[in-house]
>>> print(open('input00.pdb').read())   # PDB, C-alpha atoms
ATOM      1  CA  MET A   1      99.372  31.521 140.846
ATOM      2  CA  ASN A   2     102.286  31.535 143.273
ATOM      3  CA  ILE A   3     102.968  34.516 145.502
ATOM      4  CA  THR A   4     104.706  34.961 148.841
ATOM      5  CA  VAL A   5     102.698  36.246 151.784
ATOM      6  CA  ASN A   6     104.419  37.052 155.066
ATOM      7  CA  GLY A   7     107.407  34.942 154.130
ATOM      8  CA  SER A   8     105.473  31.852 153.045
ATOM      9  CA  ARG A   9     104.496  30.594 149.616
ATOM     10  CA  CYS A  10     100.826  31.096 148.965
ATOM     11  CA  ASP A  11      98.537  29.909 146.210
ATOM     12  CA  CYS A  12      96.067  32.478 145.037
ATOM     13  CA  PRO A  13      93.562  32.632 142.159
ATOM     14  CA  GLN A  14      94.637  34.129 138.803
ATOM     15  CA  ASN A  15      93.707  37.788 138.341
ATOM     16  CA  ALA A  16      93.040  38.229 142.040
ATOM     17  CA  ASN A  17      93.378  41.739 143.390
ATOM     18  CA  LEU A  18      94.416  42.664 146.940
ATOM     19  CA  SER A  19      90.840  42.751 148.233
ATOM     20  CA  ASP A  20      90.363  39.216 146.870
ATOM     21  CA  LEU A  21      93.557  38.123 148.607
ATOM     22  CA  LEU A  22      92.428  39.466 151.967
ATOM     23  CA  ILE A  23      89.092  37.674 151.605
ATOM     24  CA  HIS A  24      90.940  34.482 150.582
ATOM     25  CA  LEU A  25      92.992  34.777 153.812
ATOM     26  CA  GLU A  26      89.895  35.663 155.875
ATOM     27  CA  MET A  27      91.439  38.991 156.803
ATOM     28  CA  GLN A  28      89.031  41.391 155.143
ATOM     29  CA  ASP A  29      87.774  42.772 158.478
ATOM     30  CA  LYS A  30      91.148  43.057 160.170
ATOM     31  CA  LYS A  31      92.950  46.351 160.606
ATOM     32  CA  VAL A  32      96.064  45.751 158.489
ATOM     33  CA  ALA A  33      98.420  47.487 156.099
ATOM     34  CA  LEU A  34      99.900  45.923 152.979
ATOM     35  CA  GLU A  35     103.190  46.100 151.197
ATOM     36  CA  ILE A  36     103.911  44.601 147.768
ATOM     37  CA  ASN A  37     107.534  44.154 146.766
ATOM     38  CA  LYS A  38     108.531  46.585 149.509
ATOM     39  CA  GLU A  39     106.085  49.339 148.457
ATOM     40  CA  VAL A  40     103.156  50.325 150.689
ATOM     41  CA  ILE A  41      99.826  50.075 148.880
ATOM     42  CA  PRO A  42      97.136  52.499 150.129
ATOM     43  CA  ARG A  43      93.866  50.913 151.238
ATOM     44  CA  GLY A  44      91.932  52.716 148.515
ATOM     45  CA  GLU A  45      93.944  50.881 145.829
ATOM     46  CA  TYR A  46      93.323  47.298 146.975
ATOM     47  CA  ASP A  47      90.619  46.751 144.358
ATOM     48  CA  SER A  48      92.714  48.109 141.534
ATOM     49  CA  TYR A  49      95.985  46.270 142.228
ATOM     50  CA  THR A  50      96.022  42.899 140.405
ATOM     51  CA  LEU A  51      98.512  40.393 141.773
ATOM     52  CA  ASN A  52     101.371  39.122 139.621
ATOM     53  CA  GLU A  53     103.196  35.801 139.729
ATOM     54  CA  GLY A  54     106.072  36.044 142.212
ATOM     55  CA  ASP A  55     104.778  39.096 144.109
ATOM     56  CA  THR A  56     106.055  39.332 147.683
ATOM     57  CA  ILE A  57     103.385  40.625 150.044
ATOM     58  CA  GLU A  58     103.659  41.718 153.651
ATOM     59  CA  ILE A  59     100.474  42.058 155.692
ATOM     60  CA  ILE A  60     101.099  43.812 158.992
ATOM     61  CA  GLN A  61      99.236  44.835 162.123
ATOM     62  CA  ALA A  62     100.007  46.672 165.363
ATOM     63  CA  ILE A  63     100.866  44.551 168.410
ATOM     64  CA  GLY A  64     102.206  45.242 171.887
ATOM     65  CA  GLY A  65     105.764  46.566 171.946
ATOM     66  CA  GLY A  66     108.029  49.038 173.730
TER
ATOM     67  CA  MET B   1      99.907  67.259 185.821
ATOM     68  CA  THR B   2     100.730  69.618 188.687
ATOM     69  CA  THR B   3      98.950  72.971 188.507
ATOM     70  CA  GLN B   4     102.321  74.754 188.425
ATOM     71  CA  ASP B   5     103.350  73.051 185.186
ATOM     72  CA  THR B   6     102.565  73.518 181.517
ATOM     73  CA  PRO B   7     101.539  70.624 179.275
ATOM     74  CA  LEU B   8     104.073  68.514 177.420
ATOM     75  CA  ILE B   9     103.763  69.548 173.773
ATOM     76  CA  ILE B  10     104.782  67.092 171.067
ATOM     77  CA  ALA B  11     104.237  67.900 167.385
ATOM     78  CA  GLY B  12     101.915  70.703 168.404
ATOM     79  CA  LYS B  13      99.655  68.557 170.591
ATOM     80  CA  PRO B  14      99.480  69.074 174.368
ATOM     81  CA  TYR B  15      99.641  66.178 176.838
ATOM     82  CA  GLN B  16      98.995  66.259 180.577
ATOM     83  CA  SER B  17     101.032  63.148 181.335
ATOM     84  CA  ARG B  18     104.824  63.058 181.039
ATOM     85  CA  LEU B  19     104.881  59.274 181.233
ATOM     86  CA  LEU B  20     104.847  57.386 177.927
ATOM     87  CA  VAL B  21     104.420  53.627 178.142
ATOM     88  CA  GLY B  22     105.134  50.643 175.933
ATOM     89  CA  THR B  23     102.558  47.901 175.433
ATOM     90  CA  GLY B  24     104.914  44.907 175.222
ATOM     91  CA  LYS B  25     105.898  42.138 177.646
ATOM     92  CA  TYR B  26     102.741  42.102 179.780
ATOM     93  CA  ARG B  27     101.189  38.831 180.848
ATOM     94  CA  ASP B  28      98.040  39.430 178.827
ATOM     95  CA  MET B  29      95.811  42.182 177.394
ATOM     96  CA  ASP B  30      94.065  42.729 180.732
ATOM     97  CA  GLU B  31      97.320  43.437 182.509
ATOM     98  CA  THR B  32      98.395  45.696 179.624
ATOM     99  CA  ARG B  33      95.205  47.716 179.958
ATOM    100  CA  LEU B  34      95.295  47.945 183.755
ATOM    101  CA  ALA B  35      98.955  48.944 183.875
ATOM    102  CA  ILE B  36      98.520  51.645 181.276
ATOM    103  CA  GLU B  37      95.445  52.990 183.023
ATOM    104  CA  ALA B  38      97.329  53.083 186.340
ATOM    105  CA  SER B  39     100.230  54.895 184.671
ATOM    106  CA  GLY B  40      98.048  57.745 183.418
ATOM    107  CA  ALA B  41      99.940  57.604 180.129
ATOM    108  CA  GLU B  42      98.350  59.234 177.097
ATOM    109  CA  ILE B  43     100.958  58.099 174.569
ATOM    110  CA  ILE B  44     101.584  54.378 174.108
ATOM    111  CA  THR B  45     104.030  52.647 171.802
ATOM    112  CA  VAL B  46     103.068  49.733 169.580
ATOM    113  CA  ALA B  47     105.114  47.436 167.351
ATOM    114  CA  ILE B  48     104.464  46.672 163.678
ATOM    115  CA  ARG B  49     104.582  42.982 162.814
ATOM    116  CA  ARG B  50     103.292  40.437 160.320
ATOM    117  CA  THR B  51      99.762  39.281 160.994
ATOM    118  CA  ASN B  52      99.344  35.592 161.766
ATOM    119  CA  ILE B  53      97.368  34.140 158.940
ATOM    120  CA  GLY B  54      94.606  31.960 160.301
ATOM    121  CA  GLN B  55      94.658  33.616 163.704
ATOM    122  CA  ASN B  56      91.603  33.258 165.921
ATOM    123  CA  PRO B  57      89.415  36.301 165.114
ATOM    124  CA  ASP B  58      88.011  36.426 168.657
ATOM    125  CA  GLU B  59      91.433  37.031 170.190
ATOM    126  CA  PRO B  60      91.471  40.430 171.915
ATOM    127  CA  ASN B  61      93.419  42.994 169.976
ATOM    128  CA  LEU B  62      95.160  46.200 170.907
ATOM    129  CA  GLN B  63      92.611  48.473 169.200
ATOM    130  CA  ASP B  64      89.830  47.171 171.435
ATOM    131  CA  VAL B  65      91.837  47.308 174.657
ATOM    132  CA  LEU B  66      93.632  50.643 174.106
ATOM    133  CA  PRO B  67      91.580  52.468 171.470
ATOM    134  CA  PRO B  68      93.502  54.848 169.170
ATOM    135  CA  ASN B  69      90.857  57.520 169.734
ATOM    136  CA  LYS B  70      91.530  57.441 173.495
ATOM    137  CA  TYR B  71      95.333  57.067 173.399
ATOM    138  CA  THR B  72      97.923  58.534 171.066
ATOM    139  CA  TRP B  73      99.487  55.523 169.391
ATOM    140  CA  LEU B  74     103.205  55.740 168.741
ATOM    141  CA  PRO B  75     104.281  52.987 166.337
ATOM    142  CA  ASN B  76     107.928  52.066 166.746
ATOM    143  CA  THR B  77     110.561  50.584 164.445
ATOM    144  CA  ALA B  78     111.734  48.065 167.037
ATOM    145  CA  GLY B  79     113.768  45.237 165.532
ATOM    146  CA  CYS B  80     115.052  47.354 162.634
ATOM    147  CA  PHE B  81     118.810  47.233 162.179
ATOM    148  CA  ASN B  82     119.068  49.262 158.995
ATOM    149  CA  VAL B  83     117.698  52.391 157.353
ATOM    150  CA  GLU B  84     115.573  50.620 154.724
ATOM    151  CA  ASP B  85     113.705  48.470 157.267
ATOM    152  CA  ALA B  86     113.047  51.442 159.562
ATOM    153  CA  VAL B  87     111.717  53.566 156.698
ATOM    154  CA  ARG B  88     109.489  50.719 155.402
ATOM    155  CA  THR B  89     108.132  50.136 158.907
ATOM    156  CA  CYS B  90     107.245  53.802 159.393
ATOM    157  CA  ARG B  91     105.456  53.955 156.022
ATOM    158  CA  LEU B  92     103.471  50.814 156.828
ATOM    159  CA  ALA B  93     102.595  52.201 160.260
ATOM    160  CA  ARG B  94     101.337  55.444 158.745
ATOM    161  CA  GLU B  95      99.121  53.543 156.306
ATOM    162  CA  LEU B  96      97.863  51.244 159.085
ATOM    163  CA  LEU B  97      96.881  54.203 161.261
ATOM    164  CA  ASP B  98      95.131  56.134 158.472
ATOM    165  CA  GLY B  99      97.781  58.753 157.862
ATOM    166  CA  HIS B 100      98.804  59.312 161.488
ATOM    167  CA  SER B 101     102.364  60.546 161.125
ATOM    168  CA  LEU B 102     103.807  60.407 164.665
ATOM    169  CA  VAL B 103     106.328  57.576 164.921
ATOM    170  CA  LYS B 104     109.149  56.434 167.175
ATOM    171  CA  LEU B 105     112.273  55.878 165.114
ATOM    172  CA  GLU B 106     114.851  53.425 166.376
ATOM    173  CA  VAL B 107     117.612  51.895 164.268
ATOM    174  CA  LEU B 108     119.531  49.388 166.325
ATOM    175  CA  GLY B 109     123.202  48.609 165.937
ATOM    176  CA  ASP B 110     123.839  45.570 168.103
ATOM    177  CA  GLU B 111     121.734  42.597 169.221
ATOM    178  CA  ARG B 112     123.199  42.343 172.723
ATOM    179  CA  THR B 113     123.124  45.934 173.843
ATOM    180  CA  LEU B 114     120.324  47.116 171.485
ATOM    181  CA  PHE B 115     122.237  50.376 171.308
ATOM    182  CA  PRO B 116     121.163  52.645 168.510
ATOM    183  CA  ASP B 117     123.226  52.814 165.341
ATOM    184  CA  VAL B 118     123.367  56.587 165.393
ATOM    185  CA  THR B 119     124.721  57.089 161.855
ATOM    186  CA  ALA B 120     121.874  54.984 160.447
ATOM    187  CA  THR B 121     119.450  56.806 162.742
ATOM    188  CA  LEU B 122     120.552  60.174 161.360
ATOM    189  CA  GLU B 123     120.143  58.898 157.794
ATOM    190  CA  ALA B 124     116.684  57.404 158.448
ATOM    191  CA  ALA B 125     115.544  60.519 160.319
ATOM    192  CA  GLU B 126     116.474  62.745 157.392
ATOM    193  CA  ILE B 127     114.517  60.575 154.921
ATOM    194  CA  LEU B 128     111.464  60.314 157.156
ATOM    195  CA  VAL B 129     111.298  63.991 158.104
ATOM    196  CA  LYS B 130     111.351  64.870 154.375
ATOM    197  CA  ASP B 131     108.560  62.318 153.869
ATOM    198  CA  GLY B 132     106.373  64.235 156.313
ATOM    199  CA  PHE B 133     106.701  62.127 159.448
ATOM    200  CA  ASP B 134     106.765  63.558 162.982
ATOM    201  CA  ILE B 135     109.719  61.693 164.422
ATOM    202  CA  MET B 136     110.348  60.947 168.075
ATOM    203  CA  VAL B 137     113.833  59.516 167.810
ATOM    204  CA  TYR B 138     115.566  56.993 170.085
ATOM    205  CA  THR B 139     119.256  57.738 170.432
ATOM    206  CA  ASN B 140     122.175  57.376 172.828
ATOM    207  CA  ASP B 141     123.206  59.981 175.400
ATOM    208  CA  ASP B 142     125.673  61.745 173.106
ATOM    209  CA  PRO B 143     124.807  65.465 173.180
ATOM    210  CA  ILE B 144     126.239  66.047 169.675
ATOM    211  CA  ILE B 145     124.012  63.412 168.080
ATOM    212  CA  ALA B 146     121.012  64.594 170.070
ATOM    213  CA  LYS B 147     121.430  68.107 168.710
ATOM    214  CA  ARG B 148     121.963  66.837 165.126
ATOM    215  CA  LEU B 149     118.713  64.868 165.331
ATOM    216  CA  GLU B 150     116.877  67.949 166.561
ATOM    217  CA  GLU B 151     118.377  70.009 163.734
ATOM    218  CA  LEU B 152     117.185  67.428 161.180
ATOM    219  CA  GLY B 153     113.643  68.219 162.300
ATOM    220  CA  CYS B 154     112.740  65.475 164.773
ATOM    221  CA  VAL B 155     109.876  66.591 167.027
ATOM    222  CA  ALA B 156     111.379  64.972 170.130
ATOM    223  CA  VAL B 157     114.738  63.453 170.984
ATOM    224  CA  MET B 158     114.788  60.412 173.222
ATOM    225  CA  PRO B 159     118.172  59.566 174.750
ATOM    226  CA  LEU B 160     118.536  56.220 176.512
ATOM    227  CA  ALA B 161     119.177  56.044 180.231
ATOM    228  CA  ALA B 162     120.728  52.571 179.808
ATOM    229  CA  PRO B 163     120.215  49.618 177.410
ATOM    230  CA  ILE B 164     116.628  48.684 176.556
ATOM    231  CA  GLY B 165     115.177  46.383 179.207
ATOM    232  CA  SER B 166     118.257  46.593 181.443
ATOM    233  CA  GLY B 167     116.666  48.514 184.325
ATOM    234  CA  LEU B 168     120.035  50.098 185.129
ATOM    235  CA  GLY B 169     118.694  53.645 185.457
ATOM    236  CA  ILE B 170     120.438  56.777 184.223
ATOM    237  CA  ARG B 171     124.052  55.798 183.482
ATOM    238  CA  ASN B 172     125.257  59.265 182.433
ATOM    239  CA  PRO B 173     123.264  61.961 184.239
ATOM    240  CA  TYR B 174     125.603  64.772 183.163
ATOM    241  CA  ASN B 175     125.188  63.804 179.498
ATOM    242  CA  ILE B 176     121.411  63.874 179.909
ATOM    243  CA  LEU B 177     121.702  67.260 181.635
ATOM    244  CA  THR B 178     123.789  68.631 178.737
ATOM    245  CA  ILE B 179     121.270  67.303 176.210
ATOM    246  CA  VAL B 180     118.395  68.926 178.127
ATOM    247  CA  GLU B 181     120.193  72.258 178.409
ATOM    248  CA  ASN B 182     120.992  72.362 174.672
ATOM    249  CA  ALA B 183     117.570  71.293 173.421
ATOM    250  CA  ASN B 184     114.759  73.235 171.789
ATOM    251  CA  VAL B 185     112.533  70.155 171.456
ATOM    252  CA  PRO B 186     111.194  67.855 174.184
ATOM    253  CA  ILE B 187     113.798  65.477 175.619
ATOM    254  CA  ILE B 188     112.223  62.213 176.683
ATOM    255  CA  VAL B 189     114.397  59.610 178.358
ATOM    256  CA  ASP B 190     113.665  56.308 176.649
ATOM    257  CA  ALA B 191     115.050  52.899 177.697
ATOM    258  CA  GLY B 192     116.806  51.579 180.738
ATOM    259  CA  VAL B 193     114.666  52.971 183.536
ATOM    260  CA  GLY B 194     114.207  50.345 186.278
ATOM    261  CA  THR B 195     112.287  51.765 189.195
ATOM    262  CA  ALA B 196     110.544  54.892 190.440
ATOM    263  CA  SER B 197     113.643  56.706 191.693
ATOM    264  CA  ASP B 198     115.210  56.460 188.209
ATOM    265  CA  SER B 199     112.204  58.339 186.846
ATOM    266  CA  ALA B 200     112.391  61.002 189.521
ATOM    267  CA  ILE B 201     116.089  61.548 188.787
ATOM    268  CA  ALA B 202     115.386  61.961 185.073
ATOM    269  CA  MET B 203     112.691  64.544 185.746
ATOM    270  CA  GLU B 204     114.913  66.381 188.236
ATOM    271  CA  LEU B 205     117.528  66.719 185.490
ATOM    272  CA  GLY B 206     114.935  68.657 183.528
ATOM    273  CA  CYS B 207     113.736  65.983 181.107
ATOM    274  CA  ASP B 208     110.347  66.617 179.560
ATOM    275  CA  GLY B 209     109.108  63.063 179.897
ATOM    276  CA  ILE B 210     110.010  59.408 180.168
ATOM    277  CA  LEU B 211     109.189  56.419 177.978
ATOM    278  CA  MET B 212     109.353  52.988 179.588
ATOM    279  CA  ASN B 213     108.086  49.480 179.094
ATOM    280  CA  THR B 214     110.086  46.797 180.890
ATOM    281  CA  ALA B 215     110.303  48.787 184.135
ATOM    282  CA  ILE B 216     106.548  48.379 184.480
ATOM    283  CA  ALA B 217     105.895  45.081 182.671
ATOM    284  CA  ALA B 218     108.701  43.167 184.405
ATOM    285  CA  ALA B 219     107.961  44.429 187.910
ATOM    286  CA  GLN B 220     106.540  41.843 190.314
ATOM    287  CA  LYS B 221     103.342  43.909 190.390
ATOM    288  CA  PRO B 222     103.135  45.841 187.142
ATOM    289  CA  VAL B 223      99.964  47.784 187.894
ATOM    290  CA  LEU B 224     101.403  48.986 191.209
ATOM    291  CA  MET B 225     104.705  49.923 189.550
ATOM    292  CA  ALA B 226     102.811  51.877 186.896
ATOM    293  CA  SER B 227     101.219  53.898 189.685
ATOM    294  CA  ALA B 228     104.627  54.371 191.343
ATOM    295  CA  MET B 229     106.109  55.640 188.099
ATOM    296  CA  ARG B 230     103.268  58.089 187.629
ATOM    297  CA  LYS B 231     103.871  59.549 191.098
ATOM    298  CA  ALA B 232     107.660  59.575 190.725
ATOM    299  CA  ILE B 233     107.425  61.493 187.477
ATOM    300  CA  GLU B 234     105.016  64.006 188.977
ATOM    301  CA  GLY B 235     107.217  64.336 192.081
ATOM    302  CA  GLY B 236     110.436  64.675 190.084
ATOM    303  CA  ARG B 237     108.822  67.271 187.832
ATOM    304  CA  GLU B 238     107.603  69.343 190.781
ATOM    305  CA  ALA B 239     111.063  69.126 192.391
ATOM    306  CA  PHE B 240     112.597  70.359 189.156
ATOM    307  CA  LEU B 241     110.138  73.256 188.878
ATOM    308  CA  ALA B 242     110.624  74.068 192.580
ATOM    309  CA  GLY B 243     114.378  74.526 192.106
ATOM    310  CA  ARG B 244     116.376  72.346 194.478
ATOM    311  CA  MET B 245     118.635  73.651 197.227
ATOM    312  CA  PRO B 246     122.375  73.743 196.449
ATOM    313  CA  ARG B 247     124.554  70.894 197.572
ATOM    314  CA  LYS B 248     127.023  71.875 200.336
ATOM    315  CA  ARG B 249     130.088  70.168 201.627
ATOM    316  CA  PHE B 250     129.458  70.959 205.264
ATOM    317  CA  ALA B 251     126.423  71.208 207.520
ATOM    318  CA  SER B 252     124.099  74.174 207.863
ATOM    319  CA  ALA B 253     121.909  73.960 210.992
ATOM    320  CA  SER B 254     118.176  74.024 210.572
ATOM    321  CA  SER B 255     117.433  75.328 214.076
ATOM    322  CA  PRO B 256     118.493  78.838 215.360
ATOM    323  CA  ILE B 257     121.501  79.322 217.721
ATOM    324  CA  GLU B 258     119.856  82.112 219.811
ATOM    325  CA  GLY B 259     117.891  81.121 222.900
ATOM    326  CA  LEU B 260     119.767  77.967 223.685
ATOM    327  CA  ILE B 261     119.303  77.149 227.375
ATOM    328  CA  PHE B 262     122.946  76.341 227.995
TER
END
>>> encode(input="input00.pdb", output="structure tokens")
Amino acid sequence: MNITVNGSRCDCPQNANLSDLLIHLEMQDKKVALEINKEVIPRGEYDSYTLNEGDTIEIIQAIGGG
Amino acid sequence: MTTQDTPLIIAGKPYQSRLLVGTGKYRDMDETRLAIEASGAEIITVAIRRTNIGQNPDEPNLQDVLPPNKYTWLPNTAGCFNVEDAVRTCRLARELLDGHSLVKLEVLGDERTLFPDVTATLEAAEILVKDGFDIMVYTNDDPIIAKRLEELGCVAVMPLAAPIGSGLGIRNPYNILTIVENANVPIIVDAGVGTASDSAIAMELGCDGILMNTAIAAAQKPVLMASAMRKAIEGGREAFLAGRMPRKRFASASSPIEGLIF
């Protein structure tokens, strides 16, 4: 299934949820926040959100900045 | 904090330090940590960006070096040039930091000057305040806009001294003074400070604090400059609280006339 993650096309398994995606990207232990199609998804809902074809996902973190 | 002062209070929380520091542009995480420690800052800004997929997991990260339970993290909306992007960034930051609602709002209007787009800033501030955020808002030194942002419910107003990263110091001291005199929320000069004397001048005008990044990170010796800024802000604050002497056109002798031997 094709989705976009952080601006790049990404192949992910059918019926994957957000927790599955983070594991697939080896990010399950990182402190991140997620947005799907410009909506923030709370951490508690990662298991219940199933990805759809064409979803656009942003995975963000905090870095140094002024 | 000098014993003659009261704490800086932002969104109901007291802080001893009136120096807020950005975490960008340092050589590495070690220098970031050492500079911020030398500054005495309790509030640090961070940026919100896409994670690098496939990044080395052993790379030091900001949480380890400047823990959120030791410092107050202030996520910013740097790089946002419109209302939608700024609002999205704040909502992501709040989720990332487990509901922490203090954010620095900046909506930029121009790539070269990085001046704020104040009409977009007003619009974004209104949306975010209604959404429950505690907004510390970056703006220009226009006293009308500063007051409007306060009236919208921002918890602090942060007028620039000069363009971000320019190091030009306070360009319009009388505007800053007017903003300070009209304000009922903390006024924190943000952007454009270059060296210690700029900080002292801002504090002598009555500002409640100063936010800087480049002034420290781009100094030849950042850790030493961080220490200089800390002292300048304390000195400027004490001078303000002490009440300076009036300026006079002509001289006024410091030694008595009586008893001269000639």
>>> resolve_selection(input="input00.pdb", expression="the PyMOL selection byres ((chain A and resi 58) around 10)", output="list in words")
Thr4, Val5, Asn6, Gly7, Val32, Ala33, Leu34, Glu35, Ile36, Asn37, Lys38, Glu39, Val40, Asp55, Thr56, Ile57, Ile59 and Ile60 of chain A; Arg49, Arg50, Thr51 and Leu92 of chain B
>>> closest_atom_pairs(input="input00.pdb", of="chain B", to="chain A", cutoff="6 Å", atoms="only C-alpha atoms", output="tab-separated table")
residue	atom	partner	partner_atom	distance
B:Gly22	CA	A:Gly66	CA	4.0
B:Thr23	CA	A:Gly64	CA	4.4
B:Gly24	CA	A:Gly65	CA	3.8
B:Thr45	CA	A:Gly66	CA	5.7
B:Val46	CA	A:Gly65	CA	4.8
B:Ala47	CA	A:Gly65	CA	4.7
B:Ile48	CA	A:Ala62	CA	4.8
B:Arg49	CA	A:Ile60	CA	5.2
B:Arg50	CA	A:Ile60	CA	4.2
B:Thr51	CA	A:Ile60	CA	5.1
B:Leu96	CA	A:Ala33	CA	4.8
B:Asn213	CA	A:Gly66	CA	5.4
>>> atom_distance(input="input00.pdb", atom1="CA of Gly192 in chain B", atom2="CA of Met212 in chain B")
7.7 Å
>>> residues_around(input="input00.pdb", residues="Leu21 in chain A", least_positions_apart="6", cutoff="10 Å", atoms="all atoms listed in the file", output="PDB file with C-alpha atoms, in the frame of the given file")
ATOM      1  CA  VAL A   5     102.698  36.246 151.784  1.00  0.00           C
ATOM      2  CA  ASP A  11      98.537  29.909 146.210  1.00  0.00           C
ATOM      3  CA  CYS A  12      96.067  32.478 145.037  1.00  0.00           C
ATOM      4  CA  PRO A  13      93.562  32.632 142.159  1.00  0.00           C
ATOM      5  CA  MET A  27      91.439  38.991 156.803  1.00  0.00           C
ATOM      6  CA  GLN A  28      89.031  41.391 155.143  1.00  0.00           C
ATOM      7  CA  TYR A  46      93.323  47.298 146.975  1.00  0.00           C
ATOM      8  CA  THR A  50      96.022  42.899 140.405  1.00  0.00           C
ATOM      9  CA  LEU A  51      98.512  40.393 141.773  1.00  0.00           C
TER      10      LEU A  51
END
>>> atom_distance(input="input00.pdb", atom1="CA of Asn2 in chain A", atom2="CA of Asn17 in chain A")
13.5 Å
>>> resolve_selection(input="input00.pdb", expression="the PyMOL selection byres ((chain B and resi 231) around 10)", output="VMD selection string")
chain B and resid 19 39 to 40 196 199 to 200 225 to 230 232 to 237
>>> atom_distance(input="input00.pdb", atom1="CA of Ile36 in chain B", atom2="CA of Gly169 in chain B")
20.7 Å
>>> residues_around(input="input00.pdb", residues="Ser19 in chain A", least_positions_apart="3", cutoff="9 Å", atoms="all atoms listed in the file", output="JSON list (two decimals) with C-alpha atoms, in the coordinates of the input")
[["chain", "number", "residue", "atom", "x", "y", "z"],
["A", 16, "ALA", "CA", 93.04, 38.23, 142.04],
["A", 22, "LEU", "CA", 92.43, 39.47, 151.97],
["A", 23, "ILE", "CA", 89.09, 37.67, 151.60],
["A", 24, "HIS", "CA", 90.94, 34.48, 150.58],
["A", 28, "GLN", "CA", 89.03, 41.39, 155.14],
["A", 46, "TYR", "CA", 93.32, 47.30, 146.98],
["A", 47, "ASP", "CA", 90.62, 46.75, 144.36],
["A", 48, "SER", "CA", 92.71, 48.11, 141.53],
["A", 49, "TYR", "CA", 95.98, 46.27, 142.23]]
>>> resolve_selection(input="input00.pdb", expression="the PyMOL selection byres ((chain B and resi 101) around 10)", output="VMD selection string")
chain B and resid 11 74 to 75 90 to 91 93 to 95 97 to 100 102 to 104 128 131 to 135
>>> write_last_selection(input="input00.pdb", atoms="C-alpha atoms", output="PDB file, keeping the file's coordinate frame")
ATOM      1  CA  ALA B  11     104.237  67.900 167.385  1.00  0.00           C
ATOM      2  CA  LEU B  74     103.205  55.740 168.741  1.00  0.00           C
ATOM      3  CA  PRO B  75     104.281  52.987 166.337  1.00  0.00           C
ATOM      4  CA  CYS B  90     107.245  53.802 159.393  1.00  0.00           C
ATOM      5  CA  ARG B  91     105.456  53.955 156.022  1.00  0.00           C
ATOM      6  CA  ALA B  93     102.595  52.201 160.260  1.00  0.00           C
ATOM      7  CA  ARG B  94     101.337  55.444 158.745  1.00  0.00           C
ATOM      8  CA  GLU B  95      99.121  53.543 156.306  1.00  0.00           C
ATOM      9  CA  LEU B  97      96.881  54.203 161.261  1.00  0.00           C
ATOM     10  CA  ASP B  98      95.131  56.134 158.472  1.00  0.00           C
ATOM     11  CA  GLY B  99      97.781  58.753 157.862  1.00  0.00           C
ATOM     12  CA  HIS B 100      98.804  59.312 161.488  1.00  0.00           C
ATOM     13  CA  LEU B 102     103.807  60.407 164.665  1.00  0.00           C
ATOM     14  CA  VAL B 103     106.328  57.576 164.921  1.00  0.00           C
ATOM     15  CA  LYS B 104     109.149  56.434 167.175  1.00  0.00           C
ATOM     16  CA  LEU B 128     111.464  60.314 157.156  1.00  0.00           C
ATOM     17  CA  ASP B 131     108.560  62.318 153.869  1.00  0.00           C
ATOM     18  CA  GLY B 132     106.373  64.235 156.313  1.00  0.00           C
ATOM     19  CA  PHE B 133     106.701  62.127 159.448  1.00  0.00           C
ATOM     20  CA  ASP B 134     106.765  63.558 162.982  1.00  0.00           C
ATOM     21  CA  ILE B 135     109.719  61.693 164.422  1.00  0.00           C
TER      22      ILE B 135
END
>>> residues_around(input="input00.pdb", residues="Tyr174 in chain B", least_positions_apart="2", cutoff="12 Å", atoms="all atoms listed in the file", output="ChimeraX atom specification")
/B:141-143,161,170-172,176-181,201-202,204-206
>>> closest_residue(input="input00.pdb", among="B:Asp117, B:Glu151, B:Asp208, B:Glu84", to="Val129 in chain B", atoms="all atoms listed in the file")
B:Glu151
>>> residues_near_point(input="input00.pdb", point="(119.9, 53.2, 161.0)", cutoff="10 Å", atoms="all atoms listed in the file", output="list in words")
Cys80, Phe81, Asn82, Val83, Glu84, Asp85, Ala86, Val87, Leu105, Glu106, Val107, Leu108, Gly109, Pro116, Asp117, Val118, Thr119, Ala120, Thr121, Leu122, Glu123, Ala124 and Ala125 of chain B
>>> axis_aligned_box(input="input00.pdb", around="range 23-38 of chain A", padding_each_side="4 Å", output="JSON")
{"center_x": 98.2, "center_y": 41.0, "center_z": 153.7, "size_x": 28.8, "size_y": 21.0, "size_z": 21.8}
>>> closest_residue(input="input00.pdb", among="B:Pro246, B:Ile187, B:Ile164, B:Lys130", to="Lys147 in chain B", atoms="only C-alpha atoms")
B:Ile187
